[in-house]
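First up is the structure itself, then whatever we jot down about it.
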Amino acid sequence: MYRAKALGTARYEVFDSAMHEHAVSILQLETDLHLALERGDIAVYYEPIVSLRTGTIIGLEALARWQHPQRGLVRLPVDTPKIDSSFVGRMGAAGEKAEIIGSIVTLARSLGMEVMAEGVETAYQLARLRELTCDSAQGWFFSKPRPPGDIQELIASRPRW
């Protein structure tokens, strides 16, 4: 019924084995998640978000880490426009990937949004992102994701990059 509604009005869909498998998969994921919550199998880590204007920590991304026997590490996403680490990691002196990053920043600005880069690992990448007017960044250059106690120590030290 939901699939027929999603595809438009005055439609019908025949329930087939693929739809059944999809429904069972979603139900299994929900069941596994409930069990993980009951057992305390989900750990929260925090990764600092650094302003590229001031070089200070302006926020934290909470990473819910769930080590599942079949699914591996499940990371629950956050609704923030980000430049993927695969682009940041390939930013070279010849300007590779910088044009794409600049276009993403321009698009975000036209939509009235700020943009964040993830996967910053070097001072060079940080400098290039600042040149491209990226608003904020995160990555191992600043800090690896940390458990609650460790992140409090980092914030208290008031680092500046």
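Following the order of the structure tokens, first chain is A, next is B, and so on, with residues numbered from 1 inside each chain and ligands from 1 in the order they appear.
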
Taking only C-alpha atoms into account, produce a table as a Markdown table in which each residue of range 17-87 of chain A with an atom at most 9 Å from an atom of range 100-116 of chain A appears once, together with its shortest atom pair and the distance in Å to one decimal, ordered by chain and rising number.
| residue | atom | partner | partner_atom | distance |
| --- | --- | --- | --- | --- |
| A:Ile49 | CA | A:Met116 | CA | 8.4 |
| A:Thr80 | CA | A:Met116 | CA | 7.7 |
| A:Pro81 | CA | A:Val115 | CA | 5.6 |
| A:Lys82 | CA | A:Met116 | CA | 4.7 |
| A:Ile83 | CA | A:Met116 | CA | 6.1 |
| A:Asp84 | CA | A:Met116 | CA | 9.0 |
| A:Phe87 | CA | A:Ile101 | CA | 7.2 |

Can those selected residues be exported to a file as a PDB file, in the first residue's frame so that it contains all heavy atoms?
ATOM      1  N   ILE A  49      33.959  19.730  16.356  1.00  0.00           N
ATOM      2  CA  ILE A  49      33.769  20.490  15.126  1.00  0.00           C
ATOM      3  C   ILE A  49      34.468  21.823  15.359  1.00  0.00           C
ATOM      4  O   ILE A  49      34.189  22.511  16.336  1.00  0.00           O
ATOM      5  CB  ILE A  49      32.276  20.693  14.817  1.00  0.00           C
ATOM      6  CG1 ILE A  49      31.599  19.332  14.631  1.00  0.00           C
ATOM      7  CG2 ILE A  49      32.101  21.578  13.579  1.00  0.00           C
ATOM      8  CD1 ILE A  49      30.085  19.397  14.578  1.00  0.00           C
ATOM      9  N   THR A  80      23.707  17.297   8.533  1.00  0.00           N
ATOM     10  CA  THR A  80      24.592  18.443   8.339  1.00  0.00           C
ATOM     11  C   THR A  80      25.256  18.286   6.983  1.00  0.00           C
ATOM     12  O   THR A  80      25.810  17.227   6.697  1.00  0.00           O
ATOM     13  CB  THR A  80      25.685  18.476   9.434  1.00  0.00           C
ATOM     14  OG1 THR A  80      25.062  18.529  10.708  1.00  0.00           O
ATOM     15  CG2 THR A  80      26.590  19.681   9.270  1.00  0.00           C
ATOM     16  N   PRO A  81      25.202  19.323   6.148  1.00  0.00           N
ATOM     17  CA  PRO A  81      25.897  19.198   4.859  1.00  0.00           C
ATOM     18  C   PRO A  81      27.401  19.116   5.093  1.00  0.00           C
ATOM     19  O   PRO A  81      27.981  19.969   5.761  1.00  0.00           O
ATOM     20  CB  PRO A  81      25.515  20.466   4.100  1.00  0.00           C
ATOM     21  CG  PRO A  81      24.996  21.403   5.123  1.00  0.00           C
ATOM     22  CD  PRO A  81      24.554  20.599   6.294  1.00  0.00           C
ATOM     23  N   LYS A  82      28.020  18.062   4.566  1.00  0.00           N
ATOM     24  CA  LYS A  82      29.447  17.836   4.777  1.00  0.00           C
ATOM     25  C   LYS A  82      30.154  17.554   3.460  1.00  0.00           C
ATOM     26  O   LYS A  82      29.585  16.949   2.563  1.00  0.00           O
ATOM     27  CB  LYS A  82      29.664  16.622   5.682  1.00  0.00           C
ATOM     28  CG  LYS A  82      29.252  16.808   7.099  1.00  0.00           C
ATOM     29  CD  LYS A  82      29.634  15.585   7.897  1.00  0.00           C
ATOM     30  CE  LYS A  82      29.274  15.747   9.346  1.00  0.00           C
ATOM     31  NZ  LYS A  82      29.654  14.553  10.101  1.00  0.00           N
ATOM     32  N   ILE A  83      31.401  17.975   3.423  1.00  0.00           N
ATOM     33  CA  ILE A  83      32.273  17.603   2.318  1.00  0.00           C
ATOM     34  C   ILE A  83      32.949  16.307   2.738  1.00  0.00           C
ATOM     35  O   ILE A  83      33.621  16.255   3.766  1.00  0.00           O
ATOM     36  CB  ILE A  83      33.306  18.704   2.035  1.00  0.00           C
ATOM     37  CG1 ILE A  83      32.585  19.979   1.599  1.00  0.00           C
ATOM     38  CG2 ILE A  83      34.306  18.239   0.969  1.00  0.00           C
ATOM     39  CD1 ILE A  83      33.479  21.193   1.540  1.00  0.00           C
ATOM     40  N   ASP A  84      32.756  15.279   1.970  1.00  0.00           N
ATOM     41  CA  ASP A  84      33.243  13.954   2.329  1.00  0.00           C
ATOM     42  C   ASP A  84      34.766  13.915   2.418  1.00  0.00           C
ATOM     43  O   ASP A  84      35.471  14.595   1.664  1.00  0.00           O
ATOM     44  CB  ASP A  84      32.753  12.941   1.294  1.00  0.00           C
ATOM     45  CG  ASP A  84      33.032  11.526   1.724  1.00  0.00           C
ATOM     46  OD1 ASP A  84      32.345  11.039   2.635  1.00  0.00           O
ATOM     47  OD2 ASP A  84      33.976  10.921   1.163  1.00  0.00           O
ATOM     48  N   PHE A  87      37.090  13.651  -0.699  1.00  0.00           N
ATOM     49  CA  PHE A  87      37.493  14.858  -1.419  1.00  0.00           C
ATOM     50  C   PHE A  87      38.614  15.573  -0.679  1.00  0.00           C
ATOM     51  O   PHE A  87      39.588  16.009  -1.274  1.00  0.00           O
ATOM     52  CB  PHE A  87      36.310  15.810  -1.604  1.00  0.00           C
ATOM     53  CG  PHE A  87      35.247  15.263  -2.505  1.00  0.00           C
ATOM     54  CD1 PHE A  87      34.012  14.907  -1.992  1.00  0.00           C
ATOM     55  CD2 PHE A  87      35.470  15.100  -3.863  1.00  0.00           C
ATOM     56  CE1 PHE A  87      33.027  14.390  -2.815  1.00  0.00           C
ATOM     57  CE2 PHE A  87      34.487  14.596  -4.697  1.00  0.00           C
ATOM     58  CZ  PHE A  87      33.257  14.236  -4.165  1.00  0.00           C
TER      59      PHE A  87
END

Have a look at CA of Asp41 in chain A and CA of Gln67 in chain A and let me know their distance in Å, one decimal. 7.0 Å

Record the distance separating CA of Ala123 in chain A and CA of Gly55 in chain A, expressed in Å with one decimal. 12.1 Å

Nearest to Tyr46 in chain A, chosen from A:Ala98, A:Leu154, A:Ala117, A:Met19, with only C-alpha atoms counted in the distances: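 Looking only at the distances to Tyr46 in chain A, the closest residue turns out to be A:Leu154.
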
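Distance-wise, CA of Gly92 in chain A and CA of Cys134 in chain A end up 16.6 Å apart.
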
Nearest residue to Arg128 in chain A out of A:Gln152, A:Asp32, A:Leu52, A:Gln70, using only C-alpha atoms? A:Leu52

Enumerate, as a ChimeraX atom specification, the complete set of residues in range 17-125 of chain A that a backbone-based DSSP assignment places in helix (DSSP H, G or I). /A:17-39,85-89,98-110,123-125

Write the residues of the selection above to a file with C-alpha atoms, as a PDB file, in the first residue's frame.
ATOM      1  CA  SER A  17       9.179 -11.609  -2.494  1.00  0.00           C
ATOM      2  CA  ALA A  18      11.515  -8.600  -2.798  1.00  0.00           C
ATOM      3  CA  MET A  19       9.041  -6.428  -0.888  1.00  0.00           C
ATOM      4  CA  HIS A  20       8.723  -9.144   1.739  1.00  0.00           C
ATOM      5  CA  GLU A  21      12.522  -9.404   2.129  1.00  0.00           C
ATOM      6  CA  HIS A  22      12.785  -5.630   2.495  1.00  0.00           C
ATOM      7  CA  ALA A  23      10.062  -5.550   5.179  1.00  0.00           C
ATOM      8  CA  VAL A  24      11.704  -8.422   7.080  1.00  0.00           C
ATOM      9  CA  SER A  25      15.094  -6.681   6.863  1.00  0.00           C
ATOM     10  CA  ILE A  26      13.694  -3.460   8.354  1.00  0.00           C
ATOM     11  CA  LEU A  27      11.928  -5.383  11.126  1.00  0.00           C
ATOM     12  CA  GLN A  28      15.157  -7.258  11.944  1.00  0.00           C
ATOM     13  CA  LEU A  29      17.115  -3.977  12.092  1.00  0.00           C
ATOM     14  CA  GLU A  30      14.555  -2.478  14.480  1.00  0.00           C
ATOM     15  CA  THR A  31      14.647  -5.601  16.667  1.00  0.00           C
ATOM     16  CA  ASP A  32      18.465  -5.617  16.731  1.00  0.00           C
ATOM     17  CA  LEU A  33      18.504  -1.930  17.645  1.00  0.00           C
ATOM     18  CA  HIS A  34      16.057  -2.435  20.534  1.00  0.00           C
ATOM     19  CA  LEU A  35      18.164  -5.310  21.853  1.00  0.00           C
ATOM     20  CA  ALA A  36      21.362  -3.254  21.523  1.00  0.00           C
ATOM     21  CA  LEU A  37      19.791  -0.447  23.552  1.00  0.00           C
ATOM     22  CA  GLU A  38      18.655  -2.874  26.263  1.00  0.00           C
ATOM     23  CA  ARG A  39      22.133  -4.461  26.486  1.00  0.00           C
ATOM     24  CA  SER A  85      36.687  12.942   3.513  1.00  0.00           C
ATOM     25  CA  SER A  86      37.384  11.350   0.112  1.00  0.00           C
ATOM     26  CA  PHE A  87      37.493  14.858  -1.419  1.00  0.00           C
ATOM     27  CA  VAL A  88      39.473  16.388   1.446  1.00  0.00           C
ATOM     28  CA  GLY A  89      41.978  13.539   1.416  1.00  0.00           C
ATOM     29  CA  ALA A  98      39.680  21.800  -4.631  1.00  0.00           C
ATOM     30  CA  GLU A  99      37.356  22.857  -7.471  1.00  0.00           C
ATOM     31  CA  ILE A 100      34.744  20.353  -6.338  1.00  0.00           C
ATOM     32  CA  ILE A 101      35.033  21.509  -2.734  1.00  0.00           C
ATOM     33  CA  GLY A 102      34.715  25.134  -3.852  1.00  0.00           C
ATOM     34  CA  SER A 103      31.563  24.245  -5.804  1.00  0.00           C
ATOM     35  CA  ILE A 104      30.058  22.499  -2.776  1.00  0.00           C
ATOM     36  CA  VAL A 105      30.759  25.563  -0.627  1.00  0.00           C
ATOM     37  CA  THR A 106      29.183  27.840  -3.267  1.00  0.00           C
ATOM     38  CA  LEU A 107      26.102  25.614  -3.497  1.00  0.00           C
ATOM     39  CA  ALA A 108      25.717  25.554   0.294  1.00  0.00           C
ATOM     40  CA  ARG A 109      25.993  29.364   0.419  1.00  0.00           C
ATOM     41  CA  SER A 110      23.333  29.757  -2.278  1.00  0.00           C
ATOM     42  CA  ALA A 123      47.774  21.358   8.183  1.00  0.00           C
ATOM     43  CA  TYR A 124      47.808  21.700   4.376  1.00  0.00           C
ATOM     44  CA  GLN A 125      44.211  20.462   4.106  1.00  0.00           C
TER      45      GLN A 125
END

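Scanning range 69-139 of chain A with DSSP on the backbone, the strand (DSSP E) assignments fall on Gly72, Leu73, Val74, Arg75, Lys82, Ile83, Met116, Ala117, Glu118, Ser136, Ala137 and Gln138 of chain A.
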
Take the residues just selected and output them with N, CA, C and O atoms as a CSV table (one decimal), in the first residue's frame.
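Dumped to result.csv:
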chain,number,residue,atom,x,y,z
A,72,GLY,N,28.4,-5.1,11.4
A,72,GLY,CA,29.7,-4.3,11.6
A,72,GLY,C,29.4,-3.0,12.4
A,72,GLY,O,28.4,-3.0,13.2
A,73,LEU,N,30.1,-2.0,12.1
A,73,LEU,CA,30.0,-0.7,12.8
A,73,LEU,C,28.9,0.2,12.1
A,73,LEU,O,29.0,0.5,10.9
A,74,VAL,N,27.8,0.5,12.8
A,74,VAL,CA,26.7,1.3,12.3
A,74,VAL,C,26.9,2.7,12.9
A,74,VAL,O,26.9,2.8,14.1
A,75,ARG,N,27.0,3.6,12.0
A,75,ARG,CA,27.0,5.0,12.4
A,75,ARG,C,25.7,5.7,12.0
A,75,ARG,O,25.3,5.7,10.9
A,82,LYS,N,28.0,18.1,4.6
A,82,LYS,CA,29.4,17.8,4.8
A,82,LYS,C,30.2,17.6,3.5
A,82,LYS,O,29.6,16.9,2.6
A,83,ILE,N,31.4,18.0,3.4
A,83,ILE,CA,32.3,17.6,2.3
A,83,ILE,C,32.9,16.3,2.7
A,83,ILE,O,33.6,16.3,3.8
A,116,MET,N,30.5,21.9,6.3
A,116,MET,CA,31.6,21.4,7.1
A,116,MET,C,32.3,20.3,6.2
A,116,MET,O,31.8,19.6,5.4
A,117,ALA,N,33.7,20.3,6.5
A,117,ALA,CA,34.5,19.3,5.8
A,117,ALA,C,34.9,18.2,6.9
A,117,ALA,O,35.2,18.6,8.0
A,118,GLU,N,34.9,17.0,6.5
A,118,GLU,CA,35.3,15.9,7.4
A,118,GLU,C,36.5,15.2,6.8
A,118,GLU,O,36.8,15.3,5.7
A,136,SER,N,33.5,25.1,8.7
A,136,SER,CA,34.0,24.3,9.9
A,136,SER,C,34.5,22.9,9.3
A,136,SER,O,34.3,22.6,8.2
A,137,ALA,N,35.2,22.2,10.2
A,137,ALA,CA,35.8,21.0,9.8
A,137,ALA,C,36.0,20.1,11.0
A,137,ALA,O,35.9,20.5,12.2
A,138,GLN,N,36.2,18.8,10.7
A,138,GLN,CA,36.5,17.8,11.8
A,138,GLN,C,37.4,16.8,11.2
A,138,GLN,O,37.5,16.7,10.0

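If only C-alpha atoms are the atoms counted, then among A:Pro145, A:Arg130, A:Trp140, A:Arg71 the closest residue to Ser51 in chain A is A:Arg130.
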